[in-house]
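Next up, upload-v9.txt (compact mmCIF, C-alpha atoms and all ligand atoms):
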# COMPACT_ATOMS: atom_id res chain seq x y z
CA MET A 1 -276.13 -16.49 -79.86
CA PRO A 2 -273.20 -16.34 -82.36
CA TYR A 3 -269.70 -16.32 -80.84
CA LEU A 4 -268.11 -13.04 -81.93
CA PRO A 5 -264.66 -12.48 -80.37
CA LEU A 6 -262.93 -9.18 -81.08
CA ARG A 7 -260.85 -9.22 -84.25
CA SER A 8 -257.34 -7.84 -84.72
CA LEU A 9 -256.73 -4.80 -86.90
CA PRO A 10 -253.60 -4.06 -88.97
CA PRO A 11 -251.19 -1.44 -87.56
CA ARG A 12 -252.03 2.15 -88.42
CA PRO A 13 -249.75 4.02 -90.89
CA ALA A 14 -248.64 6.39 -88.10
CA GLU A 15 -247.97 3.59 -85.61
CA GLY A 16 -244.37 4.80 -85.21
CA LEU A 17 -245.59 8.21 -84.02
CA THR A 18 -247.97 6.59 -81.53
CA SER A 19 -245.25 4.45 -79.99
CA ALA A 20 -242.72 7.27 -79.92
CA TRP A 21 -245.20 9.60 -78.19
CA LEU A 22 -246.19 6.98 -75.61
CA ASP A 23 -242.55 5.98 -74.99
CA ARG A 24 -241.57 9.57 -74.34
CA LEU A 25 -244.46 10.01 -71.90
CA ALA A 26 -243.62 6.72 -70.17
CA GLU A 27 -240.05 7.86 -69.70
CA ARG A 28 -241.12 11.16 -68.18
CA LEU A 29 -243.63 9.51 -65.83
CA ALA A 30 -241.07 6.99 -64.62
CA ASP A 31 -239.12 9.76 -62.88
CA THR A 32 -240.64 9.84 -59.39
CA THR A 33 -237.96 11.92 -57.68
CA GLY A 34 -238.53 15.30 -56.03
CA ASP A 35 -241.90 17.05 -56.10
CA VAL A 36 -243.94 14.46 -58.01
CA ALA A 37 -247.14 16.51 -58.13
CA ALA A 38 -245.32 19.52 -59.60
CA ARG A 39 -243.39 17.37 -62.07
CA ARG A 40 -246.58 15.69 -63.27
CA ALA A 41 -248.37 19.04 -63.55
CA VAL A 42 -245.70 20.14 -66.03
CA ILE A 43 -245.89 16.82 -67.90
CA CYS A 44 -249.67 17.20 -68.12
CA ARG A 45 -249.51 20.80 -69.30
CA GLU A 46 -246.77 20.19 -71.87
CA THR A 47 -248.47 17.08 -73.22
CA LEU A 48 -251.82 18.82 -73.61
CA ALA A 49 -250.24 21.98 -75.05
CA GLU A 50 -248.55 20.00 -77.81
CA LEU A 51 -251.84 18.28 -78.67
CA ALA A 52 -254.26 21.17 -78.28
CA TYR A 53 -252.29 24.42 -78.68
CA PRO A 54 -249.12 23.54 -80.62
CA GLU A 55 -248.40 27.20 -81.45
CA TYR A 56 -247.96 27.88 -77.72
CA ALA A 57 -246.33 24.61 -76.68
CA LYS A 58 -242.82 26.04 -76.54
CA ASN A 59 -243.70 29.36 -74.89
CA TRP A 60 -246.63 28.47 -72.66
CA GLU A 61 -245.56 30.64 -69.72
CA GLU A 62 -245.11 33.79 -71.83
CA ALA A 63 -248.36 33.15 -73.72
CA VAL A 64 -250.39 32.92 -70.50
CA GLU A 65 -249.09 36.39 -69.54
CA ASP A 66 -249.27 37.90 -73.05
CA GLU A 67 -252.00 40.56 -73.15
CA ALA A 68 -251.91 40.54 -76.96
CA ILE A 69 -253.47 37.05 -76.86
CA PRO A 70 -257.26 36.92 -76.31
CA LEU A 71 -258.19 36.55 -72.64
CA GLY A 72 -260.16 33.34 -73.20
CA THR A 73 -257.24 31.77 -75.04
CA ARG A 74 -254.90 32.66 -72.17
CA LEU A 75 -257.42 31.20 -69.71
CA SER A 76 -257.65 27.99 -71.75
CA LEU A 77 -253.88 27.79 -71.92
CA ALA A 78 -253.62 28.29 -68.14
CA ALA A 79 -256.11 25.45 -67.58
CA LEU A 80 -253.78 22.98 -69.27
CA ASP A 81 -251.85 23.08 -66.00
CA PRO A 82 -253.82 21.17 -63.35
CA ARG A 83 -252.67 23.63 -60.69
CA ASN A 84 -255.01 26.15 -62.35
CA VAL A 85 -258.14 23.96 -62.11
CA THR A 86 -260.06 22.37 -59.26
CA LEU A 87 -261.55 18.90 -59.41
CA GLU A 88 -264.65 17.99 -57.42
CA PRO A 89 -262.93 15.51 -55.05
CA GLU A 90 -260.61 18.28 -53.83
CA TYR A 91 -263.60 19.85 -52.07
CA TYR A 92 -264.30 16.67 -50.11
CA SER A 93 -263.18 16.77 -46.46
CA ASP A 94 -262.00 13.19 -46.71
CA CYS A 95 -259.72 13.92 -49.68
CA ASP A 96 -256.19 12.89 -48.73
CA ASP A 97 -254.15 15.62 -50.41
CA ALA A 98 -250.89 13.76 -49.95
CA ARG A 99 -252.32 11.04 -52.16
CA PHE A 100 -254.59 13.08 -54.41
CA GLN A 101 -252.29 15.89 -55.49
CA PRO A 102 -249.78 13.58 -57.24
CA VAL A 103 -252.70 11.81 -58.93
CA LYS A 104 -254.61 14.92 -59.97
CA PRO A 105 -252.35 15.93 -62.92
CA LEU A 106 -252.74 12.46 -64.43
CA LEU A 107 -256.51 12.49 -63.97
CA TRP A 108 -256.62 15.89 -65.64
CA LEU A 109 -254.50 14.57 -68.51
CA TRP A 110 -256.78 11.50 -68.82
CA TYR A 111 -260.01 13.54 -68.83
CA SER A 112 -258.64 16.27 -71.10
CA PHE A 113 -257.25 13.81 -73.66
CA ASP A 114 -260.73 12.31 -73.97
CA ARG A 115 -262.08 15.70 -75.00
CA LEU A 116 -259.49 16.42 -77.71
CA PRO A 117 -259.90 15.58 -81.42
CA ILE A 118 -257.07 13.06 -81.06
CA GLY A 119 -258.68 11.41 -78.02
CA GLY A 120 -262.14 10.18 -77.22
CA GLN A 121 -263.03 7.43 -79.64
CA ASN A 122 -259.45 6.86 -80.76
CA VAL A 123 -259.41 3.35 -79.29
CA ASP A 124 -255.85 2.14 -79.81
CA LEU A 125 -254.14 5.32 -78.63
CA GLY A 126 -256.66 5.91 -75.84
CA VAL A 127 -256.43 2.43 -74.38
CA ARG A 128 -252.63 2.53 -74.50
CA LEU A 129 -252.45 5.97 -72.91
CA ARG A 130 -254.86 5.00 -70.10
CA ARG A 131 -252.94 1.76 -69.50
CA LEU A 132 -249.79 3.86 -69.15
CA LEU A 133 -251.35 6.30 -66.68
CA ALA A 134 -253.24 3.70 -64.62
CA PRO A 135 -250.41 2.43 -62.37
CA TYR A 136 -249.62 6.00 -61.32
CA ILE A 137 -253.25 6.81 -60.50
CA PHE A 138 -254.78 3.71 -58.95
CA LYS A 139 -253.93 1.85 -55.76
CA ARG A 140 -253.30 -1.23 -57.86
CA VAL A 141 -253.87 -2.28 -61.47
CA GLY A 142 -253.25 -5.67 -63.04
CA LYS A 143 -252.27 -6.63 -66.56
CA ASN A 144 -254.26 -5.89 -69.73
CA PHE A 145 -256.33 -3.11 -68.22
CA LYS A 146 -258.62 -1.66 -70.88
CA ALA A 147 -260.54 1.58 -70.40
CA PHE A 148 -262.56 3.32 -73.10
CA GLN A 149 -263.41 7.03 -73.30
CA HIS A 150 -264.98 9.27 -70.70
CA VAL A 151 -264.49 7.08 -67.66
CA GLU A 152 -264.50 9.12 -64.44
CA PHE A 153 -263.15 8.48 -60.96
CA THR A 154 -263.37 10.19 -57.62
CA PHE A 155 -259.94 9.93 -55.99
CA GLY A 156 -258.38 7.28 -58.23
CA TYR A 157 -256.01 6.32 -55.41
CA ASN A 158 -258.71 4.21 -53.74
CA LEU A 159 -259.31 2.00 -56.75
CA GLU A 160 -257.92 -1.53 -57.01
CA ILE A 161 -258.09 -3.32 -60.36
CA GLY A 162 -257.25 -6.94 -61.11
CA ASP A 163 -256.04 -8.53 -64.35
CA ASP A 164 -257.96 -8.37 -67.65
CA VAL A 165 -260.48 -5.78 -66.48
CA VAL A 166 -262.48 -3.85 -69.10
CA VAL A 167 -264.20 -0.54 -68.35
CA HIS A 168 -266.38 0.75 -71.18
CA ARG A 169 -267.32 4.29 -72.19
CA HIS A 170 -268.87 6.81 -69.80
CA VAL A 171 -268.50 4.66 -66.70
CA LEU A 172 -268.32 6.30 -63.26
CA LEU A 173 -266.03 4.59 -60.75
CA ASP A 174 -266.61 6.50 -57.54
CA ASP A 175 -263.75 5.19 -55.42
CA ARG A 176 -264.30 7.65 -52.56
CA GLY A 177 -264.82 4.78 -50.08
CA GLY A 178 -262.80 2.35 -52.17
CA ILE A 179 -263.58 0.06 -55.08
CA ARG A 180 -261.99 -3.35 -55.52
CA LEU A 181 -262.34 -4.99 -58.93
CA GLY A 182 -261.25 -8.61 -59.26
CA ASN A 183 -259.84 -10.30 -62.33
CA LYS A 184 -261.84 -10.35 -65.60
CA VAL A 185 -264.39 -7.83 -64.38
CA SER A 186 -266.36 -6.06 -67.12
CA ILE A 187 -268.20 -2.79 -66.58
CA SER A 188 -270.40 -1.78 -69.50
CA ASP A 189 -271.31 1.58 -71.00
CA TYR A 190 -272.76 4.22 -68.69
CA ALA A 191 -272.63 2.05 -65.58
CA ASN A 192 -272.02 3.61 -62.16
CA ILE A 193 -270.16 2.02 -59.27
CA TYR A 194 -270.45 3.99 -56.03
CA SER A 195 -268.62 3.72 -52.73
CA HIS A 196 -270.10 6.63 -50.79
CA THR A 197 -273.59 7.60 -49.76
CA HIS A 198 -275.31 10.49 -47.93
CA SER A 199 -277.69 10.59 -44.99
CA ILE A 200 -281.26 11.25 -46.11
CA VAL A 201 -281.46 13.95 -43.42
CA GLU A 202 -278.10 15.71 -43.63
CA GLN A 203 -276.35 15.71 -46.97
CA ALA A 204 -272.95 16.44 -45.43
CA ASP A 205 -273.27 13.24 -43.40
CA VAL A 206 -271.33 10.94 -45.71
CA THR A 207 -270.75 7.22 -45.30
CA ASN A 208 -267.91 5.66 -47.24
CA ALA A 209 -268.08 1.93 -47.86
CA LEU A 210 -265.82 -0.33 -49.88
CA THR A 211 -267.60 -1.73 -52.95
CA ILE A 212 -266.34 -5.05 -54.27
CA LEU A 213 -266.78 -6.71 -57.65
CA ASP A 214 -265.23 -10.16 -57.52
CA ASP A 215 -263.59 -12.12 -60.33
CA GLY A 216 -265.64 -12.47 -63.49
CA VAL A 217 -268.35 -9.99 -62.50
CA ARG A 218 -270.21 -8.13 -65.24
CA VAL A 219 -272.08 -4.91 -64.55
CA THR A 220 -273.98 -4.20 -67.75
CA TYR A 221 -275.31 -1.15 -69.58
CA HIS A 222 -276.54 1.76 -67.45
CA ALA A 223 -276.59 -0.33 -64.28
CA THR A 224 -275.70 1.07 -60.86
CA VAL A 225 -274.00 -0.61 -57.92
CA LEU A 226 -274.48 1.25 -54.64
CA ALA A 227 -271.87 1.84 -51.94
CA GLY A 228 -270.75 -1.16 -49.92
CA VAL A 229 -272.36 -3.75 -52.20
CA HIS A 230 -270.40 -6.92 -52.81
CA VAL A 231 -271.04 -8.48 -56.21
CA ASN A 232 -269.73 -11.98 -55.73
CA GLU A 233 -267.74 -14.05 -58.22
CA GLN A 234 -269.29 -14.31 -61.71
CA GLY A 235 -272.31 -12.31 -60.59
CA MET A 236 -274.08 -10.20 -63.21
CA VAL A 237 -276.03 -6.97 -62.83
CA GLY A 238 -278.40 -6.58 -65.80
CA ALA A 239 -279.05 -3.50 -67.89
CA VAL A 240 -280.37 -0.50 -65.92
CA ALA A 241 -280.52 -2.49 -62.68
CA VAL A 242 -279.69 -0.94 -59.32
CA ALA A 243 -277.81 -3.31 -57.02
CA THR A 244 -278.68 -2.14 -53.51
CA LYS A 245 -277.60 -5.37 -51.78
CA ASP A 246 -274.99 -8.04 -52.32
CA VAL A 247 -275.22 -10.09 -55.50
CA ARG A 248 -274.68 -13.79 -55.01
CA PRO A 249 -272.06 -15.67 -57.03
CA TYR A 250 -273.13 -16.71 -60.54
CA HIS A 251 -276.52 -15.05 -60.13
CA VAL A 252 -278.02 -12.67 -62.68
CA TYR A 253 -279.76 -9.73 -60.98
CA VAL A 254 -282.10 -7.32 -62.78
CA GLY A 255 -284.48 -4.51 -61.91
CA ILE A 256 -284.73 -1.82 -59.24
CA PRO A 257 -283.90 -2.95 -56.63
CA ALA A 258 -282.00 -5.71 -58.37
CA LYS A 259 -283.21 -9.26 -57.74
CA SER A 260 -281.98 -12.58 -59.00
CA VAL A 261 -283.77 -13.84 -62.10
CA ARG A 262 -281.53 -16.78 -62.81
CA VAL A 263 -278.33 -18.59 -62.03
CA LYS A 264 -275.71 -18.99 -64.73
CA PRO A 265 -275.71 -22.54 -66.08
CA ASN A 266 -271.99 -22.91 -65.28
CA ALA A 267 -272.53 -22.18 -61.56
CA PRO A 268 -271.21 -24.62 -59.00
CA GLU A 269 -273.97 -26.02 -56.75
CA PRO A 270 -273.90 -23.56 -53.75
CA ALA A 271 -274.58 -20.54 -55.96
CA THR A 272 -277.90 -21.99 -57.12
CA ILE A 273 -279.48 -21.66 -53.66
CA LEU A 274 -281.97 -18.80 -53.69
CA ARG A 275 -283.05 -16.77 -50.69
CA THR A 276 -286.76 -16.76 -49.84
CA SER A 277 -286.94 -13.10 -50.91
CA ASP A 278 -285.95 -14.04 -54.44
CA GLN A 279 -288.86 -13.89 -56.79
CA ARG A 280 -287.88 -16.38 -59.42
CA VAL A 281 -286.61 -19.89 -59.61
CA PRO A 282 -283.53 -20.36 -61.80
CA ARG A 283 -284.03 -22.11 -65.11
C1 LIG B 1 -279.01 -9.51 -67.54
C2 LIG B 1 -279.37 -10.14 -68.87
C3 LIG B 1 -278.11 -10.64 -69.53
C4 LIG B 1 -280.36 -11.26 -68.59
O1 LIG B 1 -280.56 -11.99 -69.74
P1 LIG B 1 -281.21 -13.43 -69.66
O2 LIG B 1 -280.51 -14.26 -68.65
O3 LIG B 1 -281.26 -13.93 -71.06
O4 LIG B 1 -282.63 -13.18 -69.06
P2 LIG B 1 -284.01 -13.20 -69.82
O5 LIG B 1 -283.96 -12.32 -71.01
O6 LIG B 1 -284.40 -14.62 -70.00
O7 LIG B 1 -284.96 -12.51 -68.76
C5 LIG B 1 -285.44 -13.13 -67.60
C6 LIG B 1 -286.53 -12.23 -67.05
O8 LIG B 1 -285.93 -11.04 -66.54
C7 LIG B 1 -286.40 -9.89 -67.25
N1 LIG B 1 -285.25 -9.05 -67.52
C8 LIG B 1 -284.14 -9.37 -68.23
N2 LIG B 1 -283.28 -8.36 -68.23
C9 LIG B 1 -283.84 -7.38 -67.51
C10 LIG B 1 -283.40 -6.11 -67.15
N3 LIG B 1 -282.21 -5.64 -67.52
N4 LIG B 1 -284.21 -5.36 -66.36
C11 LIG B 1 -285.42 -5.83 -65.96
N5 LIG B 1 -285.88 -7.07 -66.27
C12 LIG B 1 -285.09 -7.83 -67.05
C13 LIG B 1 -287.00 -10.45 -68.54
O9 LIG B 1 -288.00 -9.60 -69.04
C14 LIG B 1 -287.54 -11.76 -68.08
O10 LIG B 1 -288.74 -11.53 -67.40
P3 LIG B 1 -290.00 -12.52 -67.59
O11 LIG B 1 -289.53 -13.86 -67.08
O12 LIG B 1 -291.07 -11.90 -66.77
O13 LIG B 1 -290.28 -12.54 -69.05
C15 LIG B 1 -279.96 -9.13 -69.85
O14 LIG B 1 -281.23 -8.73 -69.52
C16 LIG B 1 -279.22 -7.84 -69.97
O15 LIG B 1 -279.26 -6.98 -69.13
N6 LIG B 1 -278.58 -7.75 -71.12
C17 LIG B 1 -277.94 -6.57 -71.56
C18 LIG B 1 -276.58 -6.47 -71.07
C19 LIG B 1 -275.61 -7.42 -71.66
O16 LIG B 1 -275.87 -8.36 -72.33
N7 LIG B 1 -274.41 -7.10 -71.36
C20 LIG B 1 -273.30 -7.86 -71.77
C21 LIG B 1 -272.17 -6.96 -71.91
S1 LIG B 1 -271.25 -6.96 -70.43
If you took the structure in this file and wrote it as structure tokens, what would it be?
Amino acid sequence: MPYLPLRSLPPRPAEGLTSAWLDRLAERLADTTGDVAARRAVICRETLAELAYPEYAKNWEEAVEDEAIPLGTRLSLAALDPRNVTLEPEYYSDCDDARFQPVKPLLWLWYSFDRLPIGGQNVDLGVRLRRLLAPYIFKRVGKNFKAFQHVEFTFGYNLEIGDDVVVHRHVLLDDRGGIRLGNKVSISDYANIYSHTHSIVEQADVTNALTILDDGVRVTYHATVLAGVHVNEQGMVGAVAVATKDVRPYHVYVGIPAKSVRVKPNAPEPATILRTSDQRVPR
């Protein structure tokens, strides 16, 4: 296969605007005094209003009450404030409000930005915005975090992320029971990482289980990792696979349920040992 590293692009003509906008947001987020959830709700609403409804950005409160403005427009304006919307995790009994409410405005800003004309596939701005929000949402995030558009989380506060992690478009990181991502983890388009499951008899019987992806793990396109699975160092979950059990280090697992089809050629000796249930011998 040809070696095709990402190339650098020249700065955009409006680079100054991008930096100024991000710097202003960074400054506002850095203030963690007082009622953080309320402060962030206002930051979220004002940021979105400027981007989506600039004509109402300076008089949002009056506009929401203004009966001369169409009802749907007032409703949309109201929804820029996260206190006027509910997110699915808020309905969960195990949602820790003390942790979730300060995170919720930033999740709403993240998700809403992705749906604006300026957001979504706007890679440079999107990656920089998400990198700015990440430390205030997640339990831990390392350097060079890179998230593309339409990534979703459950609580956010139960997610740990190492250095140099890349999360591609439309990935679901269900951190309800906790997700721990090591360094240099890559999660490809449309993959799902779960950390909760339901009883097959009673849906409200929920089991949370920490899901771990160790250093160098790659979960590839449309694959799913179920709750409590440990994908060991340099393990790989192939396209559309469902990892129902632990993935051994340096092994490549494919299929449903995922099984090892090979060991990476750079694996140290112990990782090459296959269990008897494995169907293939590594090449
Ligand atoms: C996991 C993957 C990398 C394995 O590639 P590989 O090591 O070259 O494996 P091979 O293509 O030699 O396949 C080995 C066997 O597994 C099967 N297989 C490979 N990928 C499979 C998959 N995703 N699902 C089911 N079976 C698969 C092959 O058909 C082959 O079976 P066979 O021996 O009966 O012919 C690859 O299948 C994959 O999923 N690639 C897409 C994702 C990707 O490259 N992501 C990188 C971005 S992070």
For this session: Up to 12 Å from (-248.8, 25.0, -77.9) in the file's coordinates: name the residues, counting all atoms listed in the file, as a PyMOL selection string.
Result: chain A and resi 45-64+73-74+76-78+80
Exercise. In Å, how far is it from CA of Asn158 in chain A to CA of Lys139 in chain A?
Worked result: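 Answer for the CA of Asn158 in chain A to CA of Lys139 in chain A separation: 5.7 Å.
Selection of all polymer residues within 7 Å of ligand LIG 1 (chain B) on the basis of all atoms listed in the file gives Ser186, Ile187, Ser188, Arg218, Val219, Thr220, Tyr221, Met236, Val237, Gly238, Ala239, Val240, Ala241, Val252, Tyr253, Val254, Gly255, Val261 and Arg262 of chain A.
Ranking A:Arg176, A:His150, A:Arg99, A:Lys143 by their shortest atom-to-atom distance to Asp114 in chain A, with only C-alpha atoms included, puts A:His150 first.
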For this session: Write out as a PyMOL selection string which residues come within 9 Å of Ala38 in chain A when counting only C-alpha atoms, dropping same-chain ones fewer than 5 positions away.
Result: chain A and resi 43+83+101-102+105
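For range 18-35 of chain A, the list of residues within 8 Å, based on only C-alpha atoms and with local chain neighbours fewer than 5 positions off taken out, reads Arg40, Ile43, Leu125, Arg128, Leu129 and Leu132 of chain A.
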Exercise. So which residues touch range 89-93 of chain A within 10 Å, counting all atoms listed in the file, skipping near sequence neighbours fewer than 3 positions away, as JSON, numbers by chain?
Worked result: {"A": [86, 96, 97, 100, 101, 104, 153, 154, 155, 156, 176, 204]}
Problem set entry | Who sits within 12 Å of Leu173 in chain A, all atoms listed in the file, same chain under 5 positions skipped, as a count of residues only | 39
Problem set entry | For Trp108 in chain A, the nearest of the candidates A:Asn122, A:Ala14, A:Glu88, A:Val36, counting all atoms listed in the file |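 Checking each candidate against Trp108 in chain A, we get A:Glu88 as the closest.
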Problem set entry | Shortest interatomic distance to Ser8 in chain A - which of A:Glu65, A:His198, A:Ala134, A:Asp124, counting only C-alpha atoms |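 Closest residue, counting only C-alpha atoms: A:Asp124.
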Exercise. Expressed in Å to a single decimal, how great is the separation between CA of Thr197 in chain A and CA of Val247 in chain A?
Worked result: 18.7 Å
For this session: Could you please determine the separation between CA of His222 in chain A and CA of His170 in chain A in Å, to one decimal place?
Result: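 Separation of CA of His222 in chain A and CA of His170 in chain A: 9.5 Å.
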Find the axis-aligned box for range 232-242 of chain A, covering all its listed atoms and adding 8 Å on each side, and write its centre and edge lengths in Å to one decimal as AutoDock Vina command-line options.
--center_x -274.1 --center_y -7.4 --center_z -61.8 --size_x 28.8 --size_y 29.8 --size_z 28.2
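Residue nearest Val123 in chain A within the list A:Ile256, A:Ala271, A:Leu9, A:Val206: A:Leu9 [criterion: smallest interatomic distance, all atoms listed in the file].
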Exercise. Hey, which of A:Arg140, A:Arg169, A:Lys259, A:Lys146 ends up closest to Lys184 in chain A? Count all atoms listed in the file.
Worked result: A:Lys146
